[in-house]
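Peer 1: As input, take query-v3.csv (CSV, C-alpha atoms):
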chain,number,residue,atom,x,y,z
I,762,MET,CA,7.4,18.5,3.1
I,763,THR,CA,5.2,17.0,5.7
I,764,ALA,CA,4.4,19.9,7.9
I,765,ILE,CA,1.3,18.3,9.4
I,766,GLU,CA,2.1,16.3,12.5
I,767,HIS,CA,-0.1,13.3,12.0
I,768,ALA,CA,-1.7,12.0,8.8
I,769,PRO,CA,-5.4,12.8,8.5
I,770,ARG,CA,-7.6,9.7,8.5
I,771,SER,CA,-10.7,11.3,6.8
I,772,LEU,CA,-10.3,13.8,3.9
I,773,LEU,CA,-13.7,15.1,2.8
I,774,TYR,CA,-14.1,16.9,-0.5
I,775,VAL,CA,-16.5,19.9,-0.2
I,776,PRO,CA,-17.6,21.6,-3.4
I,777,GLY,CA,-16.5,25.2,-3.3
I,778,SER,CA,-19.7,26.3,-5.0
I,779,ASN,CA,-22.0,24.6,-2.4
I,780,ALA,CA,-22.5,27.1,0.4
I,781,ARG,CA,-24.6,24.8,2.4
I,782,ALA,CA,-22.0,22.0,2.3
I,783,LEU,CA,-19.3,24.5,3.4
I,784,GLU,CA,-21.5,25.5,6.3
I,785,LYS,CA,-22.3,21.9,7.3
I,786,ALA,CA,-18.6,21.0,7.2
I,787,GLN,CA,-18.1,23.1,10.3
I,788,ALA,CA,-19.8,20.4,12.4
I,789,LEU,CA,-18.3,17.3,10.8
I,790,ALA,CA,-15.6,15.2,12.4
I,791,ALA,CA,-13.4,15.1,9.2
I,792,ASP,CA,-9.7,15.3,10.0
I,793,MET,CA,-9.3,17.4,6.8
I,794,LEU,CA,-11.6,19.3,4.5
I,795,ILE,CA,-10.6,19.6,0.9
I,796,ILE,CA,-12.5,22.5,-0.6
I,797,ASP,CA,-12.8,21.6,-4.3
I,798,LEU,CA,-12.4,24.1,-7.1
I,799,GLU,CA,-11.9,21.3,-9.7
I,800,ASP,CA,-14.3,18.5,-10.7
I,801,ALA,CA,-17.0,19.2,-8.2
I,802,VAL,CA,-17.6,22.7,-9.6
I,803,PRO,CA,-19.5,23.4,-12.8
I,804,ALA,CA,-17.5,25.3,-15.4
I,805,ASP,CA,-19.9,28.3,-15.2
I,806,ARG,CA,-19.5,28.6,-11.3
I,807,LYS,CA,-15.7,28.6,-11.0
I,808,ASP,CA,-15.5,32.3,-10.0
I,809,GLU,CA,-18.3,31.8,-7.5
I,810,ALA,CA,-16.5,28.8,-6.0
I,811,ARG,CA,-13.2,30.7,-5.6
I,812,ALA,CA,-15.0,33.6,-3.8
I,813,ALA,CA,-16.9,31.2,-1.6
I,814,MET,CA,-13.7,29.3,-0.8
I,815,ARG,CA,-12.0,32.4,0.3
I,816,ASP,CA,-14.8,33.5,2.5
I,817,ALA,CA,-15.1,30.1,4.1
I,818,VAL,CA,-11.3,29.8,4.8
I,819,THR,CA,-11.1,33.3,6.1
I,820,ALA,CA,-14.0,32.6,8.5
I,821,GLY,CA,-12.2,29.5,9.6
I,822,PHE,CA,-13.0,25.9,10.4
I,823,PRO,CA,-12.0,25.6,14.1
I,824,GLY,CA,-10.2,22.4,14.9
I,825,LYS,CA,-10.0,21.3,11.3
I,826,ARG,CA,-7.2,21.1,8.8
I,827,VAL,CA,-8.1,22.7,5.5
I,828,ALA,CA,-6.8,22.0,2.0
I,829,VAL,CA,-8.0,23.3,-1.4
I,830,ARG,CA,-8.0,21.2,-4.6
I,831,VAL,CA,-7.1,23.4,-7.6
I,832,SER,CA,-7.3,22.7,-11.3
I,833,GLY,CA,-4.6,20.5,-12.8
I,834,THR,CA,-1.5,21.9,-14.4
I,835,GLY,CA,-2.2,22.9,-18.0
I,836,ASN,CA,-5.8,23.6,-17.2
I,837,ALA,CA,-6.9,27.1,-18.1
I,838,GLY,CA,-8.4,27.7,-14.7
I,839,GLN,CA,-5.4,26.8,-12.6
I,840,ALA,CA,-3.9,30.3,-12.5
I,841,ALA,CA,-7.1,31.8,-11.2
I,842,ASP,CA,-7.4,29.0,-8.6
I,843,ILE,CA,-3.9,29.7,-7.4
I,844,ALA,CA,-4.5,33.5,-7.3
I,845,ALA,CA,-7.5,32.8,-5.1
I,846,LEU,CA,-5.3,31.2,-2.5
I,847,ALA,CA,-3.3,34.3,-1.8
I,848,GLY,CA,-3.0,35.2,1.9
I,849,LEU,CA,-5.1,32.3,3.1
I,850,ALA,CA,-4.1,30.0,6.0
I,851,LEU,CA,-4.2,26.6,4.5
I,852,ASP,CA,-2.7,23.3,5.6
I,853,ALA,CA,-2.2,21.8,2.1
I,854,ILE,CA,-3.0,22.0,-1.6
I,855,VAL,CA,-4.3,19.1,-3.6
I,856,LEU,CA,-3.2,18.9,-7.2
I,857,PRO,CA,-5.1,16.5,-9.5
I,858,LYS,CA,-3.7,14.6,-12.5
I,859,VAL,CA,0.0,14.7,-11.5
I,860,ASP,CA,1.9,12.6,-14.1
I,861,ALA,CA,5.4,14.0,-13.3
I,862,SER,CA,7.2,16.2,-10.8
I,863,ALA,CA,7.2,18.9,-13.4
I,864,ASP,CA,3.4,19.3,-13.0
I,865,LEU,CA,4.0,20.6,-9.5
I,866,GLY,CA,5.9,23.7,-10.8
I,867,PRO,CA,3.1,26.3,-10.6
I,868,LEU,CA,2.5,25.5,-6.9
I,869,ARG,CA,6.1,25.3,-5.6
I,870,GLY,CA,6.3,29.0,-4.7
I,871,LEU,CA,3.3,28.8,-2.4
I,872,GLY,CA,5.3,27.1,0.3
I,873,LEU,CA,2.5,24.7,1.3
I,874,PRO,CA,2.6,20.9,1.5
I,875,LEU,CA,1.2,19.4,-1.7
I,876,PHE,CA,-1.0,16.3,-2.0
I,877,ALA,CA,-0.5,14.9,-5.5
I,878,MET,CA,-3.3,12.8,-7.1
I,879,ILE,CA,-2.2,9.7,-8.9
I,880,GLU,CA,-4.8,9.1,-11.6
I,881,THR,CA,-3.3,7.7,-14.7
I,882,PRO,CA,-1.1,4.8,-15.8
I,883,VAL,CA,1.8,7.2,-16.5
I,884,ALA,CA,1.4,8.6,-12.9
I,885,ILE,CA,1.5,5.0,-11.5
I,886,TYR,CA,5.0,4.5,-13.0
I,887,ALA,CA,6.1,8.0,-11.9
I,888,ALA,CA,4.6,7.8,-8.4
I,889,ARG,CA,7.9,7.2,-6.6
I,890,ASP,CA,9.6,10.2,-8.1
I,891,ILE,CA,6.5,12.3,-7.5
I,892,GLY,CA,6.3,11.2,-3.8
I,893,ALA,CA,10.0,11.9,-3.4
I,894,ASP,CA,9.6,15.5,-4.5
I,895,PRO,CA,10.4,17.8,-1.6
I,896,ALA,CA,7.2,19.7,-2.0
I,897,VAL,CA,5.0,16.6,-1.7
I,898,ALA,CA,3.5,15.5,1.6
I,899,GLY,CA,1.2,12.8,0.3
I,900,LEU,CA,-0.1,10.8,-2.6
I,901,ILE,CA,-3.8,10.4,-3.3
I,902,ALA,CA,-5.2,7.5,-5.3
I,903,GLY,CA,-7.5,9.0,-7.9
I,904,LEU,CA,-9.2,5.7,-8.7
I,905,ASN,CA,-12.2,6.9,-10.7
I,906,ASP,CA,-10.0,8.5,-13.3
I,907,LEU,CA,-7.5,5.6,-13.2
I,908,ALA,CA,-10.4,3.2,-13.9
I,909,HIS,CA,-11.4,5.3,-16.9
I,910,GLU,CA,-7.8,5.5,-18.2
I,911,LEU,CA,-7.5,1.7,-17.9
I,912,LYS,CA,-10.8,1.3,-19.8
I,913,LEU,CA,-12.3,-0.9,-17.1
I,914,PRO,CA,-16.0,-1.7,-17.5
I,915,ASP,CA,-18.4,0.4,-15.4
I,916,GLY,CA,-18.9,-1.0,-12.0
I,917,MET,CA,-15.8,-3.2,-12.1
I,918,ASP,CA,-14.6,-4.2,-8.6
I,919,ARG,CA,-11.5,-2.3,-7.7
I,920,GLY,CA,-9.6,-5.6,-7.5
I,921,ALA,CA,-8.9,-5.0,-11.2
I,922,MET,CA,-6.7,-2.1,-10.0
I,923,SER,CA,-5.0,-3.9,-7.2
I,924,HIS,CA,-1.5,-3.7,-8.7
I,925,ALA,CA,-1.9,0.1,-9.3
I,926,ILE,CA,-3.3,0.6,-5.8
I,927,GLN,CA,-0.5,-1.2,-4.1
I,928,ALA,CA,2.0,0.6,-6.3
I,929,ILE,CA,0.8,3.9,-4.9
I,930,VAL,CA,1.3,2.7,-1.3
I,931,LEU,CA,4.8,1.3,-2.2
I,932,ALA,CA,5.8,4.6,-3.9
I,933,ALA,CA,4.7,6.6,-0.9
I,934,ARG,CA,6.5,4.5,1.6
I,935,ALA,CA,9.7,4.4,-0.6
I,936,ALA,CA,9.5,8.2,-0.8
I,937,GLY,CA,8.7,8.7,2.9
I,938,CYS,CA,5.4,10.5,2.3
I,939,TRP,CA,1.7,9.7,3.2
I,940,CYS,CA,-0.8,8.0,1.0
I,941,PHE,CA,-4.6,8.2,0.9
I,942,ASP,CA,-7.1,5.8,-0.6
I,943,GLY,CA,-9.6,6.9,-3.3
I,944,VAL,CA,-13.2,7.8,-2.9
I,945,TYR,CA,-16.1,5.3,-2.6
I,946,ASN,CA,-18.9,6.3,-5.0
I,947,ALA,CA,-21.9,4.5,-3.6
I,948,ILE,CA,-22.8,7.0,-0.9
I,949,ASP,CA,-25.9,4.9,0.2
I,950,ASP,CA,-23.9,1.7,0.7
I,951,ALA,CA,-22.6,1.9,4.3
I,952,ALA,CA,-21.5,-1.7,4.5
I,953,GLY,CA,-19.6,-1.4,1.2
I,954,PHE,CA,-17.9,1.7,2.4
I,955,ALA,CA,-16.9,0.2,5.7
I,956,ALA,CA,-15.5,-2.9,3.9
I,957,GLU,CA,-13.4,-0.8,1.4
I,958,ALA,CA,-12.1,1.6,4.2
I,959,GLY,CA,-11.0,-1.4,6.2
I,960,GLU,CA,-9.3,-2.9,3.2
I,961,GLY,CA,-7.6,0.5,2.6
I,962,ARG,CA,-6.1,0.4,6.0
I,963,ARG,CA,-4.9,-3.2,5.6
I,964,LEU,CA,-3.2,-2.2,2.4
I,965,GLY,CA,-1.3,0.5,4.3
I,966,PHE,CA,-3.1,3.7,3.4
I,967,ASP,CA,-2.9,6.4,6.1
I,968,GLY,CA,-6.5,7.6,5.4
I,969,LYS,CA,-9.2,7.9,2.8
I,970,THR,CA,-10.7,10.6,0.6
I,971,LEU,CA,-14.5,11.0,1.0
I,972,ILE,CA,-17.3,12.5,-1.0
I,973,HIS,CA,-20.2,12.5,1.5
I,974,PRO,CA,-20.6,13.5,5.2
I,975,SER,CA,-22.1,10.1,6.1
I,976,GLN,CA,-18.7,8.5,5.3
I,977,VAL,CA,-16.7,10.6,7.8
I,978,ASN,CA,-17.4,8.7,11.1
I,979,PRO,CA,-17.0,5.2,9.5
I,980,CYS,CA,-13.8,6.3,7.9
I,981,ASN,CA,-12.4,7.6,11.2
I,982,ALA,CA,-13.3,4.3,12.9
I,983,ALA,CA,-11.7,2.2,10.1
I,984,PHE,CA,-8.4,4.1,10.3
I,985,ALA,CA,-8.2,4.4,14.1
I,986,PRO,CA,-6.7,1.6,16.1
I,987,SER,CA,-9.2,-0.6,17.8
I,988,PRO,CA,-9.2,-1.1,21.6
I,989,ARG,CA,-7.7,-4.6,21.0
I,990,GLU,CA,-4.9,-3.1,19.0
I,991,ILE,CA,-4.2,-0.4,21.5
I,992,ALA,CA,-4.0,-2.9,24.4
I,993,ALA,CA,-1.7,-5.1,22.4
I,994,ALA,CA,0.6,-2.2,21.5
I,995,GLU,CA,0.7,-1.0,25.1
I,996,ALA,CA,1.7,-4.5,26.3
I,997,LEU,CA,4.4,-4.8,23.6
I,998,VAL,CA,5.9,-1.4,24.5
I,999,ALA,CA,5.9,-2.2,28.2
I,1000,ALA,CA,7.5,-5.6,27.6
I,1001,ALA,CA,10.2,-4.4,25.2
I,1002,ARG,CA,13.8,-4.5,26.5
I,1003,GLY,CA,15.6,-3.8,23.3
I,1004,GLY,CA,16.8,-6.2,20.6
I,1005,ALA,CA,15.1,-9.4,19.7
I,1006,GLN,CA,13.0,-11.1,22.3
I,1007,ARG,CA,10.0,-13.4,22.8
I,1008,HIS,CA,6.7,-11.7,23.5
I,1009,GLU,CA,3.3,-13.4,23.8
I,1010,GLY,CA,4.4,-16.3,21.6
I,1011,ARG,CA,6.2,-14.4,18.9
I,1012,MET,CA,9.5,-12.8,18.3
I,1013,ILE,CA,9.6,-9.0,18.4
I,1014,GLU,CA,12.4,-6.5,17.8
I,1015,ASP,CA,12.9,-2.8,17.6
I,1016,MET,CA,10.8,-2.3,14.5
I,1017,HIS,CA,7.8,-3.9,16.2
I,1018,VAL,CA,8.2,-1.5,19.1
I,1019,ALA,CA,8.4,1.5,16.7
I,1020,ALA,CA,5.3,0.3,15.0
I,1021,ALA,CA,3.4,-0.1,18.3
I,1022,ARG,CA,4.5,3.5,19.4
I,1023,ALA,CA,3.3,4.9,16.0
I,1024,LEU,CA,-0.1,3.1,16.5
I,1025,LEU,CA,-0.5,4.5,20.0
I,1026,ALA,CA,0.2,8.0,18.7
I,1027,ARG,CA,-2.8,7.7,16.4
I,1028,ARG,CA,-5.3,7.2,19.3
Represent the structure of the file as structure tokens.
Peer 2:
Amino acid sequence: MTAIEHAPRSLLYVPGSNARALEKAQALAADMLIIDLEDAVPADRKDEARAAMRDAVTAGFPGKRVAVRVSGTGNAGQAADIAALAGLALDAIVLPKVDASADLGPLRGLGLPLFAMIETPVAIYAARDIGADPAVAGLIAGLNDLAHELKLPDGMDRGAMSHAIQAIVLAARAAGCWCFDGVYNAIDDAAGFAAEAGEGRRLGFDGKTLIHPSQVNPCNAAFAPSPREIAAAEALVAAARGGAQRHEGRMIEDMHVAAARALLARR
């Protein structure tokens, strides 16, 4: 159910209870804002966050796509979160802790693309079926929760989750939906973020979820084609004559042309 033309590169979580963050988000270059009603909001401020989210979405974020992360299925607050979405013009809904397609049930009637968060070992094995659900437009790697579920030591390099991370990308591609990398927690480590964002692109993710405004521009740069890539893609498209042929010392065929055109569309 991918109703958005191009996959967002940068998806910034904004706490629904943080009025200042919602205001600042207006000026950020994030491709998508995810107004968070779940983990980022203290339990005693949920109603405040729902009201602030409605006010912010109604006022609008010109030039930006907007999603809302609701509470997970089975959570006592989910019904109130869904009720708060009534009548709002949203681009997507983010659902955390999706272990099976059945978890999508409460959101199906809203008619909006869903981004399903893959956060548990059970979800890793079910990711292909979740991604193939007609309601799902993308999978989000929820790596903090996954690391906890895997009982990894605190601060463990995410290489320990490499199999799971690649499984999310594979599931999304098999299902024909988008996939987005997880958040980078060290908000003061610009070099570390840039390295992880670059790795995410090389692994095949379409974009990355973010937790701090300072990560937006580096993320957009990491997931945008470089001038060298653009020039190479333009040359390949211009040279293509159909079928297999030699181009700049290598063999290319139609799939390489399609990939080059897709890259150029993301400029």
Peer 1: Which neighbours of I:Arg811 fall inside 7 Å, counting all atoms listed in the file, when residues of the same chain fewer than 3 positions from it are skipped, and could you give them as an MDAnalysis selection string?
Peer 2: chainID I and resid 777 798 807:808 814:815 842 845
Peer 1: Which of these, I:Pro882, I:Pro857, I:Gly953, I:Gly892, has the shortest distance to I:Asp797 once you count only C-alpha atoms?
Peer 2: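 The closest residue to I:Asp797 is I:Pro857.
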Peer 1: Mind giving me the straight-line distance from atom CA of I:Gln1006 to atom CA of I:Pro986 in Å, one decimal?
Peer 2: 24.2 Å
Peer 1: Give me, as a PyMOL selection string, all polymer residues having an atom no more than 10 Å from I:Leu773, counting all atoms listed in the file and skipping those fewer than 5 positions away in the same chain.
Peer 2: chain I and resi 786+789-797+827-828+944+969-974+976-977
Peer 1: Produce a file of the selected residues containing C-alpha atoms, as a tab-separated table (two decimals), in the coordinates of the input.
Peer 2:
chain	number	residue	atom	x	y	z
I	786	ALA	CA	-18.60	21.00	7.20
I	789	LEU	CA	-18.30	17.30	10.80
I	790	ALA	CA	-15.60	15.20	12.40
I	791	ALA	CA	-13.40	15.10	9.20
I	792	ASP	CA	-9.70	15.30	10.00
I	793	MET	CA	-9.30	17.40	6.80
I	794	LEU	CA	-11.60	19.30	4.50
I	795	ILE	CA	-10.60	19.60	0.90
I	796	ILE	CA	-12.50	22.50	-0.60
I	797	ASP	CA	-12.80	21.60	-4.30
I	827	VAL	CA	-8.10	22.70	5.50
I	828	ALA	CA	-6.80	22.00	2.00
I	944	VAL	CA	-13.20	7.80	-2.90
I	969	LYS	CA	-9.20	7.90	2.80
I	970	THR	CA	-10.70	10.60	0.60
I	971	LEU	CA	-14.50	11.00	1.00
I	972	ILE	CA	-17.30	12.50	-1.00
I	973	HIS	CA	-20.20	12.50	1.50
I	974	PRO	CA	-20.60	13.50	5.20
I	976	GLN	CA	-18.70	8.50	5.30
I	977	VAL	CA	-16.70	10.60	7.80
Peer 1: Set the distance at 8 Å and use all atoms listed in the file: which residues neighbour I:Cys980 once local chain neighbours fewer than 5 positions away are removed? I'd like the list as a PyMOL selection string.
Peer 2: chain I and resi 770-771+955+958+968-969
Peer 1: Can you measure atom CA of I:Pro776 to atom CA of I:Gly943 for me? One decimal in Å is fine.
Peer 2: 16.7 Å
Peer 1: Compile the contact shell of I:Gly1003 as number ranges by chain: residues with an atom at most 9 Å away, counting all atoms listed in the file, same-chain residues fewer than 5 positions apart removed.
Peer 2: I: 1014-1015, 1018
Peer 1: Counting all atoms listed in the file, find the residues whose atoms lie at most 12 Å from (3.6, 5.2, 18.1) (file coordinates) and write them out as a PyMOL selection string.
Peer 2: chain I and resi 767+986+990-991+994-995+997-998+1016-1028
Peer 1: Using only C-alpha atoms, which of I:Ser987, I:Thr834, I:Asn978, I:Gln927 sits nearest I:Gly961?
Peer 2: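 Result for the nearest residue to I:Gly961: I:Gln927.
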